[in-house]
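Visitor: Next comes final.cif, mmCIF, C-alpha atoms:
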```
data_target
loop_
_atom_site.group_PDB
_atom_site.id
_atom_site.type_symbol
_atom_site.label_atom_id
_atom_site.label_comp_id
_atom_site.auth_asym_id
_atom_site.auth_seq_id
_atom_site.Cartn_x
_atom_site.Cartn_y
_atom_site.Cartn_z
ATOM 1 C CA MET F 1 59.727 154.852 218.664
ATOM 2 C CA ALA F 2 58.094 155.994 221.923
ATOM 3 C CA LYS F 3 57.440 153.423 224.620
ATOM 4 C CA THR F 4 53.937 153.172 225.969
ATOM 5 C CA LYS F 5 53.600 152.631 229.687
ATOM 6 C CA TYR F 6 52.072 149.282 230.622
ATOM 7 C CA VAL F 7 49.007 149.588 232.830
ATOM 8 C CA PRO F 8 47.940 146.355 234.541
ATOM 9 C CA ARG F 9 44.540 145.009 233.548
ATOM 10 C CA GLY F 10 43.210 145.403 237.089
ATOM 11 C CA LEU F 11 43.992 149.118 237.013
ATOM 12 C CA ARG F 12 42.620 149.644 233.486
ATOM 13 C CA ASN F 13 39.393 147.993 234.622
ATOM 14 C CA ASN F 14 39.259 149.771 238.022
ATOM 15 C CA ASN F 15 39.236 146.201 239.337
ATOM 16 C CA PRO F 16 42.553 145.797 241.183
ATOM 17 C CA LEU F 17 41.679 142.390 242.610
ATOM 18 C CA ASN F 18 40.753 141.065 239.154
ATOM 19 C CA ILE F 19 37.202 139.966 239.901
ATOM 20 C CA ARG F 20 35.857 137.788 237.133
ATOM 21 C CA ILE F 21 32.616 138.631 235.359
ATOM 22 C CA GLY F 22 29.626 136.991 236.964
ATOM 23 C CA ASN F 23 27.699 139.328 239.256
ATOM 24 C CA ASN F 24 25.898 142.622 238.892
ATOM 25 C CA TRP F 25 27.903 145.138 240.890
ATOM 26 C CA LEU F 26 27.318 148.710 241.941
ATOM 27 C CA GLY F 27 29.419 150.945 239.697
ATOM 28 C CA GLU F 28 29.917 148.529 236.789
ATOM 29 C CA ARG F 29 30.672 150.069 233.425
ATOM 30 C CA PRO F 30 27.804 149.652 230.968
ATOM 31 C CA PRO F 31 28.378 146.590 228.763
ATOM 32 C CA ARG F 32 28.700 148.735 225.628
ATOM 33 C CA GLU F 33 31.725 150.461 227.241
ATOM 34 C CA CYS F 34 33.488 147.241 228.258
ATOM 35 C CA SER F 35 36.287 145.605 226.335
ATOM 36 C CA ASP F 36 37.313 142.835 228.760
ATOM 37 C CA ASP F 37 35.327 139.642 228.301
ATOM 38 C CA GLN F 38 36.744 137.931 231.414
ATOM 39 C CA PHE F 39 36.995 140.501 234.199
ATOM 40 C CA GLU F 40 34.621 143.074 235.636
ATOM 41 C CA GLU F 41 35.096 146.709 234.653
ATOM 42 C CA PHE F 42 34.063 149.516 236.999
ATOM 43 C CA VAL F 43 33.502 153.241 236.435
ATOM 44 C CA ALA F 44 35.797 154.106 239.369
ATOM 45 C CA MET F 45 38.344 152.299 241.517
ATOM 46 C CA VAL F 46 36.218 152.626 244.641
ATOM 47 C CA TYR F 47 33.573 150.343 243.085
ATOM 48 C CA GLY F 48 36.069 147.647 242.163
ATOM 49 C CA LEU F 49 37.434 147.725 245.696
ATOM 50 C CA ARG F 50 33.912 147.704 247.147
ATOM 51 C CA ALA F 51 33.124 144.554 245.158
ATOM 52 C CA ALA F 52 36.256 142.890 246.554
ATOM 53 C CA PHE F 53 35.218 143.758 250.105
ATOM 54 C CA CYS F 54 31.734 142.359 249.421
ATOM 55 C CA ILE F 55 33.148 139.061 248.170
ATOM 56 C CA ILE F 56 35.525 138.718 251.105
ATOM 57 C CA ARG F 57 32.706 139.582 253.529
ATOM 58 C CA ARG F 58 30.757 136.676 252.041
ATOM 59 C CA TYR F 59 33.766 134.376 252.399
ATOM 60 C CA ILE F 60 34.029 135.276 256.090
ATOM 61 C CA ARG F 61 30.359 135.382 257.098
ATOM 62 C CA HIS F 62 28.793 132.690 254.926
ATOM 63 C CA TYR F 63 31.577 130.265 254.117
ATOM 64 C CA HIS F 64 33.580 130.671 257.346
ATOM 65 C CA ARG F 65 36.788 131.373 255.433
ATOM 66 C CA SER F 66 38.224 133.894 257.846
ATOM 67 C CA THR F 67 41.994 133.567 257.603
ATOM 68 C CA ILE F 68 44.369 134.930 254.993
ATOM 69 C CA ARG F 69 45.106 131.357 253.887
ATOM 70 C CA GLN F 70 41.420 130.425 253.559
ATOM 71 C CA ILE F 71 40.482 133.651 251.779
ATOM 72 C CA ILE F 72 43.338 133.562 249.290
ATOM 73 C CA THR F 73 42.957 129.837 248.626
ATOM 74 C CA SER F 74 39.418 130.640 247.476
ATOM 75 C CA TRP F 75 40.343 133.894 245.744
ATOM 76 C CA ALA F 76 43.390 132.616 243.867
ATOM 77 C CA PRO F 77 43.138 128.805 243.570
ATOM 78 C CA ALA F 78 46.288 126.782 243.046
ATOM 79 C CA HIS F 79 45.258 125.648 239.550
ATOM 80 C CA GLU F 80 45.624 129.303 238.419
ATOM 81 C CA ASN F 81 48.125 130.794 240.869
ATOM 82 C CA ASP F 82 51.062 130.192 243.184
ATOM 83 C CA THR F 83 48.641 130.387 246.078
ATOM 84 C CA GLU F 84 51.135 129.727 248.862
ATOM 85 C CA SER F 85 53.395 132.559 247.676
ATOM 86 C CA TYR F 86 50.332 134.823 247.498
ATOM 87 C CA VAL F 87 49.395 133.861 251.085
ATOM 88 C CA GLN F 88 52.932 134.513 252.347
ATOM 89 C CA LEU F 89 53.220 137.877 250.572
ATOM 90 C CA VAL F 90 49.904 139.106 251.974
ATOM 91 C CA SER F 91 50.745 137.796 255.436
ATOM 92 C CA ARG F 92 54.119 139.516 255.389
ATOM 93 C CA GLU F 93 52.708 142.791 254.052
ATOM 94 C CA THR F 94 49.873 142.923 256.607
ATOM 95 C CA GLY F 95 51.790 141.492 259.547
ATOM 96 C CA ILE F 96 48.943 139.022 260.112
ATOM 97 C CA ASP F 97 49.597 135.317 260.639
ATOM 98 C CA PRO F 98 48.174 133.462 257.612
ATOM 99 C CA ASP F 99 46.072 131.229 259.878
ATOM 100 C CA ALA F 100 44.770 133.888 262.300
ATOM 101 C CA PRO F 101 41.035 134.624 262.091
ATOM 102 C CA ILE F 102 40.019 138.004 260.672
ATOM 103 C CA LEU F 103 36.782 139.812 261.458
ATOM 104 C CA PHE F 104 35.129 141.758 258.650
ATOM 105 C CA GLU F 105 34.113 144.409 261.191
ATOM 106 C CA ASP F 106 37.806 145.227 261.808
ATOM 107 C CA LYS F 107 38.130 147.983 259.204
ATOM 108 C CA PRO F 108 41.903 148.594 259.536
ATOM 109 C CA THR F 109 42.647 144.871 259.168
ATOM 110 C CA MET F 110 40.269 144.468 256.240
ATOM 111 C CA CYS F 111 41.732 147.490 254.469
ATOM 112 C CA ALA F 112 45.261 146.153 255.025
ATOM 113 C CA LEU F 113 44.217 142.730 253.711
ATOM 114 C CA VAL F 114 42.527 143.971 250.535
ATOM 115 C CA ARG F 115 45.308 146.500 249.932
ATOM 116 C CA ALA F 116 47.944 143.752 250.169
ATOM 117 C CA MET F 117 45.903 141.497 247.856
ATOM 118 C CA ALA F 118 45.594 144.334 245.329
ATOM 119 C CA HIS F 119 49.359 144.848 245.529
ATOM 120 C CA VAL F 120 49.904 141.185 244.646
ATOM 121 C CA GLU F 121 47.328 141.330 241.834
ATOM 122 C CA VAL F 122 48.473 144.543 240.104
ATOM 123 C CA GLY F 123 52.022 144.970 241.375
ATOM 124 C CA GLN F 124 51.409 148.438 242.789
ATOM 125 C CA THR F 125 50.571 149.822 246.212
ATOM 126 C CA LEU F 126 47.383 151.834 245.989
ATOM 127 C CA PRO F 127 46.421 154.655 248.401
ATOM 128 C CA LEU F 128 44.986 153.478 251.720
ATOM 129 C CA ALA F 129 42.260 156.139 251.505
ATOM 130 C CA ASP F 130 40.775 154.340 248.462
ATOM 131 C CA PHE F 131 40.348 151.164 250.504
ATOM 132 C CA GLU F 132 38.869 152.984 253.486
ATOM 133 C CA LYS F 133 36.315 154.727 251.264
ATOM 134 C CA ALA F 134 35.378 151.449 249.534
ATOM 135 C CA TYR F 135 35.034 149.621 252.859
ATOM 136 C CA ASP F 136 32.624 152.328 254.025
ATOM 137 C CA LEU F 137 30.428 151.632 250.971
ATOM 138 C CA THR F 138 29.865 147.980 251.948
#
```
Written as C-alpha cells, that's how I'd like the structure from this file.
Guide:
Amino acid sequence: MAKTKYVPRGLRNNNPLNIRIGNNWLGERPPRECSDDQFEEFVAMVYGLRAAFCIIRRYIRHYHRSTIRQIITSWAPAHENDTESYVQLVSRETGIDPDAPILFEDKPTMCALVRAMAHVEVGQTLPLADFEKAYDLT
C-alpha cells in the first residue's frame, strides 16, 4: 500500500498561519470550492500571508500589541495552544526579544516574524520571497 504524503491544513488552504473564517479577504477561494468549515482558504499562498500581515498590522496599530509576546498571545491563546512555547520559538527563530516592540513599517522584521509564525503553525519553513511579496500587498 502506497503512503500518501501528509500536507498540513495551513498549506492545503494556502493559509499557513491558520486564520479562522470570519472576514472577507482578498484572494479567498469561492465558497463552493472550499472544504474547510473552520479556516480560511485562499487561491494562492500570497493571499493567505497577506491576510496574516493585515491582522498583525491591526494588532500593532489599533490594539497596541507590538511585541512578539503580545501578538502571539492574541494569535494563539493559551486555551488552544502552548502560547509560551510559541513565543519562545518565534523569538529564537527571529532573534527578537519577545518583549521588544516591533514596527509594522519594518518590512524585514515583519517578514521574519510572520515567517517564524508560519513555521510554528505548519512545521515547515516557507520561502522568504513569499512573505516579502505578501507584505508588499498590504
Visitor: Expand the PyMOL selection byres ((chain F and resi 26-36) around 12) into the individual residues it matches in the shown file, reporting them as a PyMOL selection string.
Guide: chain F and resi 9-10+12-15+18-25+37-52+54+134+137-138
Visitor: Quick one: distance from CA of Ile72 in chain F to CA of Tyr6 in chain F in Å, one decimal?
Guide: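 For CA of Ile72 in chain F relative to CA of Tyr6 in chain F, the distance reads 25.9 Å.
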Visitor: Could you state the separation of CA of Arg69 in chain F and CA of Thr94 in chain F in Å, given to one decimal place?
Guide: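 Atom-to-atom, CA of Arg69 in chain F to CA of Thr94 in chain F, that is 12.8 Å.
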Visitor: How many Å lie between CA of Pro108 in chain F and CA of Ala129 in chain F, rounded to one decimal?
Guide: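 We find that CA of Pro108 in chain F and CA of Ala129 in chain F lie 11.0 Å from each other.
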Visitor: Extract, using all atoms listed in the file, all DNA, RNA and protein residues at most 12 Å from Gly123 in chain F, discarding same-chain residues fewer than 5 positions from it, and format them as an mmCIF file with C-alpha atoms, in the frame of the given file.
Guide:
```cif
data_model
loop_
_atom_site.group_PDB
_atom_site.id
_atom_site.type_symbol
_atom_site.label_atom_id
_atom_site.label_comp_id
_atom_site.auth_asym_id
_atom_site.auth_seq_id
_atom_site.Cartn_x
_atom_site.Cartn_y
_atom_site.Cartn_z
ATOM 1 C CA TYR F 6 52.072 149.282 230.622
ATOM 2 C CA VAL F 7 49.007 149.588 232.830
ATOM 3 C CA PRO F 8 47.940 146.355 234.541
ATOM 4 C CA ARG F 9 44.540 145.009 233.548
ATOM 5 C CA GLY F 10 43.210 145.403 237.089
ATOM 6 C CA LEU F 11 43.992 149.118 237.013
ATOM 7 C CA PRO F 16 42.553 145.797 241.183
ATOM 8 C CA LEU F 17 41.679 142.390 242.610
ATOM 9 C CA TYR F 86 50.332 134.823 247.498
ATOM 10 C CA LEU F 89 53.220 137.877 250.572
ATOM 11 C CA ARG F 115 45.308 146.500 249.932
ATOM 12 C CA ALA F 116 47.944 143.752 250.169
ATOM 13 C CA MET F 117 45.903 141.497 247.856
ATOM 14 C CA ALA F 118 45.594 144.334 245.329
#
```
Visitor: Padding 6 Å on each side, edges along x, y and z: where is the centre of the box around the listed atoms of range 20-29 of chain F, and how long are its edges in Å to one decimal? Output it as JSON.
Guide:
```
{"center_x": 30.9, "center_y": 144.0, "center_z": 237.7, "size_x": 22.0, "size_y": 26.0, "size_z": 20.5}
```
Visitor: Nearest residue to Ile60 in chain F out of F:Tyr135, F:Glu121, F:Phe104, F:Ala78, using only C-alpha atoms?
Guide: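 Looking at the shortest contact to Ile60 in chain F, the residue is F:Phe104.
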Visitor: With distances taken over only C-alpha atoms, which residue among F:Pro101, F:Thr125, F:Ile96, F:Ile71 lies nearest Glu84 in chain F?
Guide: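 Answer, going by the shortest atom-to-atom distance: F:Ile71.
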Visitor: Applying 10 Å and only C-alpha atoms, which residues near Ser85 in chain F remain after dropping the ones on its own chain fewer than 5 positions away? List them as a list in words.
Guide: Val90, Ser91 and Val120 of chain F
Visitor: Take the residues from that selection and write them out as a PDB file, in the frame of the given file, keeping C-alpha atoms.
Guide:
```pdb
ATOM      1  CA  VAL F  90      49.904 139.106 251.974  1.00  0.00           C
ATOM      2  CA  SER F  91      50.745 137.796 255.436  1.00  0.00           C
ATOM      3  CA  VAL F 120      49.904 141.185 244.646  1.00  0.00           C
TER       4      VAL F 120
END
```
Visitor: So, with only C-alpha atoms as the atoms that count, which of F:Lys107, F:Asn81, F:Trp75, F:Ile68 lies closest to Glu93 in chain F?
Guide: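 With only C-alpha atoms as the atom set, the closest residue is F:Ile68.
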Visitor: Which is closer to Gln70 in chain F than all the others in F:Val87, F:Gln124, F:Asp82, F:Arg57, using all atoms listed in the file?
Guide: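 Ranking F:Val87, F:Gln124, F:Asp82, F:Arg57 by distance to Gln70 in chain F, first place goes to F:Val87.
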